[in-house]
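Below is one structure, written out as structure tokens, with a few remarks after it.
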Amino acid sequence: MLVTTQGIVLHFIRFGDNSIIVNIYTREYGRQAYLMHISRSRRSQGKIGVFQPLFLVDLIAYQKDTREVQTIKEIKNQPVYQNIPFDVVKSTQAIFIAEILSKTLREQESVPDLFEFLTNSILFFDLAEGEIAGFHLWFLIRLTEYLGFKPNIENFGFRNWFDLQKGVVVPYEPSHSYFMHPEATRDFCRITALKINELENMKLSREQRSYLTQKVVEYYQLHFEHLGEVKSLKVLQEVFS
């Protein structure tokens with residue numbers, strides 16, 4: 001069956017000499033793997049640029065439920081990003097976010113609310129002109145709402161610790177090592193309460209942002225056993241250093 005859908009590129013790998021397999025999170029079908037034939041010509045090789053991590057695409061594909069890998073007939077970037085590909089900070093954040101999404105979005109089913117959150121957030125990120133260095137933090141914290149482990153910060157007070165294992169703010173330092181210290185907990189709760197158009201108000205030092213990013217990744221790792229090492233984290237931290 002020939003279908004048309006929108007999607008978000010997660011990652012791709014080479015398959016033989018003339019093909020790639022690309023994982024795309026789609027509006028109608030959830031996560032799907034697609035085969036795309038790429039010839040050796042310079043023009044065809046240039047088409048691989050369509051499949052950069054977190055790029056938005058419109059595609060026409062041959063879809064069959066019994067197949068693990070579908071086949072792309074046509075694909076194009078839509079809309080075309082204005083800033084992400086040309087801004088080293090934004091492009092690095094995009095690669096980091098795409099890796100997290102690739103390891104957490106596993107379902108082959110439509111989740112319209114999640115897809116709308118992803119696309120709207122990414123488009124805002126692309127066009128944002130102000131302070132946006134903490135976007136990945138805001139994004140990953142909000143994403144937990146859709147993945148089922150939203151932090152519980154209801155009991156936040158003057159001096160609290162965020163327990164990563166329990167996913168809740170507690171009034172004492174946990175006996176294990178998976179927690180945020182009080183200052184970071186305060187920043188974490190502040191970010192959680194922000195709306196996307198308030199990101200410019202999120203003023204963090206390099207050290208604060210680095211610590212929070214590491215702890216948010218730990219939070220994901222505790223709730224997704226298969227997440228493993230996030231390879232792009234080191235690159236992200238270097239770009240912000």
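Identifiers in the structure tokens: chain A, B, ... in order shown; residue index from 1 per chain; ligand index from 1 in order shown.
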### Message
List the spatial neighbours of A:Val57 as a PyMOL selection string - criterion: any atom at most 7 Å away, only C-alpha atoms, same-chain residues fewer than 2 positions off excluded.
### Response
chain A and resi 6-8+55+59+75-78
Please write the residues from the selection above to a file, keeping C-alpha atoms, as a PDB file, in the first residue's frame.
ATOM      1  CA  GLN A   6       5.199  13.164   7.987  1.00  0.00           C
ATOM      2  CA  GLY A   7       8.140  12.142  10.100  1.00  0.00           C
ATOM      3  CA  ILE A   8      11.174  13.010  12.199  1.00  0.00           C
ATOM      4  CA  PHE A  55      15.211  16.672  10.329  1.00  0.00           C
ATOM      5  CA  LEU A  59       7.545  10.957   2.623  1.00  0.00           C
ATOM      6  CA  ILE A  75      11.099  11.956   0.519  1.00  0.00           C
ATOM      7  CA  LYS A  76      11.889  15.620   1.113  1.00  0.00           C
ATOM      8  CA  ASN A  77      12.666  17.913   4.028  1.00  0.00           C
ATOM      9  CA  GLN A  78       9.517  19.778   4.983  1.00  0.00           C
TER      10      GLN A  78
END
### Task
Using only C-alpha atoms, determine which residues lie at most 12 Å from A:Gly167, disregarding the query and same-chain residues fewer than 6 positions distant; provide the list as a ChimeraX atom specification.
/A:141,144,148-155,161,174,178-180,185,215-216,218-220,222-223
### Message
Using only C-alpha atoms, which protein or nucleic acid residues come within 12 Å of A:Arg190? Drop anything in the same chain fewer than 4 positions from it, and give the result as number ranges by chain.
### Response
A: 137-138, 141, 153, 156-157, 183-186, 194-195, 198-199, 201-204
With C-alpha atoms retained, export the selected residues as a PDB file, in the first residue's frame.
ATOM      1  CA  LEU A 137      17.065  20.210  29.086  1.00  0.00           C
ATOM      2  CA  TRP A 138      13.575  21.681  28.776  1.00  0.00           C
ATOM      3  CA  ILE A 141      12.075  17.065  30.889  1.00  0.00           C
ATOM      4  CA  ILE A 153       7.912  18.094  42.019  1.00  0.00           C
ATOM      5  CA  PHE A 156       9.406  21.172  46.277  1.00  0.00           C
ATOM      6  CA  GLY A 157      10.426  23.552  49.061  1.00  0.00           C
ATOM      7  CA  GLU A 183      20.709  23.918  44.024  1.00  0.00           C
ATOM      8  CA  ALA A 184      20.310  21.737  40.917  1.00  0.00           C
ATOM      9  CA  THR A 185      16.925  20.530  42.174  1.00  0.00           C
ATOM     10  CA  ARG A 186      15.792  24.144  42.363  1.00  0.00           C
ATOM     11  CA  LEU A 194       8.706  26.949  32.102  1.00  0.00           C
ATOM     12  CA  LYS A 195       6.718  27.272  28.896  1.00  0.00           C
ATOM     13  CA  GLU A 198       9.941  31.440  28.379  1.00  0.00           C
ATOM     14  CA  LEU A 199      13.226  29.641  27.663  1.00  0.00           C
ATOM     15  CA  ASN A 201      14.455  33.288  31.165  1.00  0.00           C
ATOM     16  CA  MET A 202      16.416  30.098  31.875  1.00  0.00           C
ATOM     17  CA  LYS A 203      19.778  31.532  32.880  1.00  0.00           C
ATOM     18  CA  LEU A 204      22.260  28.764  33.739  1.00  0.00           C
TER      19      LEU A 204
END
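Summary of the local environment: counting only C-alpha atoms, residues at most 8 Å from stretch 16-32 of chain A, other than itself and those fewer than 3 positions away along its chain, are A:Thr5, A:Gln6, A:Gly7, A:Ile8, A:Val9, A:Leu10, A:His11, A:Phe12, A:Ile13, A:Leu35, A:Met36, A:His37, A:Ile38, A:Ser39, A:Arg40, A:Phe51, A:Val69, A:Gln70, A:Ser102, A:Leu105, A:Arg106, A:Glu107, A:Gln108, A:Glu109, A:Ser110, A:Val111, A:Pro112, A:Phe115.
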### Task
Using backbone DSSP assignments, extract all helix (DSSP H, G or I) residues from stretch 135-186 of chain A; output them as a PyMOL selection string.
chain A and resi 135-147+182-186
Export, as a CSV table (one decimal), in the first residue's frame, the selected residues with C-alpha atoms.
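The resulting file, out.csv, is reproduced below:
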chain,number,residue,atom,x,y,z
A,135,PHE,CA,16.6,23.9,25.1
A,136,HIS,CA,17.7,20.2,25.3
A,137,LEU,CA,17.1,20.2,29.1
A,138,TRP,CA,13.6,21.7,28.8
A,139,PHE,CA,12.8,19.3,25.9
A,140,LEU,CA,13.9,16.1,27.7
A,141,ILE,CA,12.1,17.1,30.9
A,142,ARG,CA,8.8,17.7,29.0
A,143,LEU,CA,9.3,14.5,27.0
A,144,THR,CA,9.0,12.5,30.2
A,145,GLU,CA,5.3,13.4,30.3
A,146,TYR,CA,4.7,11.4,27.1
A,147,LEU,CA,7.0,8.6,28.0
A,182,PRO,CA,19.5,21.1,46.3
A,183,GLU,CA,20.7,23.9,44.0
A,184,ALA,CA,20.3,21.7,40.9
A,185,THR,CA,16.9,20.5,42.2
A,186,ARG,CA,15.8,24.1,42.4
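Ranking A:Thr4, A:Ile84, A:Thr119, A:Glu99 by their shortest atom-to-atom distance to A:Leu56, with only C-alpha atoms included, puts A:Thr119 first.
Every protein or nucleic acid residue with an atom no more than 10 Å from A:Val239, counting only C-alpha atoms and leaving out same-chain residues fewer than 6 positions away, appears here: Val88, Val89, Thr92, Gln93 and Leu233 of chain A.
Atom to atom, atom CA of A:Glu200 and atom CA of A:Tyr81 stand 20.6 Å apart.
Counting from atom CA of A:Glu238, the distance to atom CA of A:Pro53 is 18.9 Å.
Relative to atom CA of A:Gly49, atom CA of A:Leu101 is found at 19.4 Å.
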### Message
I want to know what sits within 12 Å of A:His176, based on only C-alpha atoms, with residues of the same chain fewer than 4 positions away left out; could you give that as an MDAnalysis selection string?
### Response
chainID A and resid 161:166 172 180
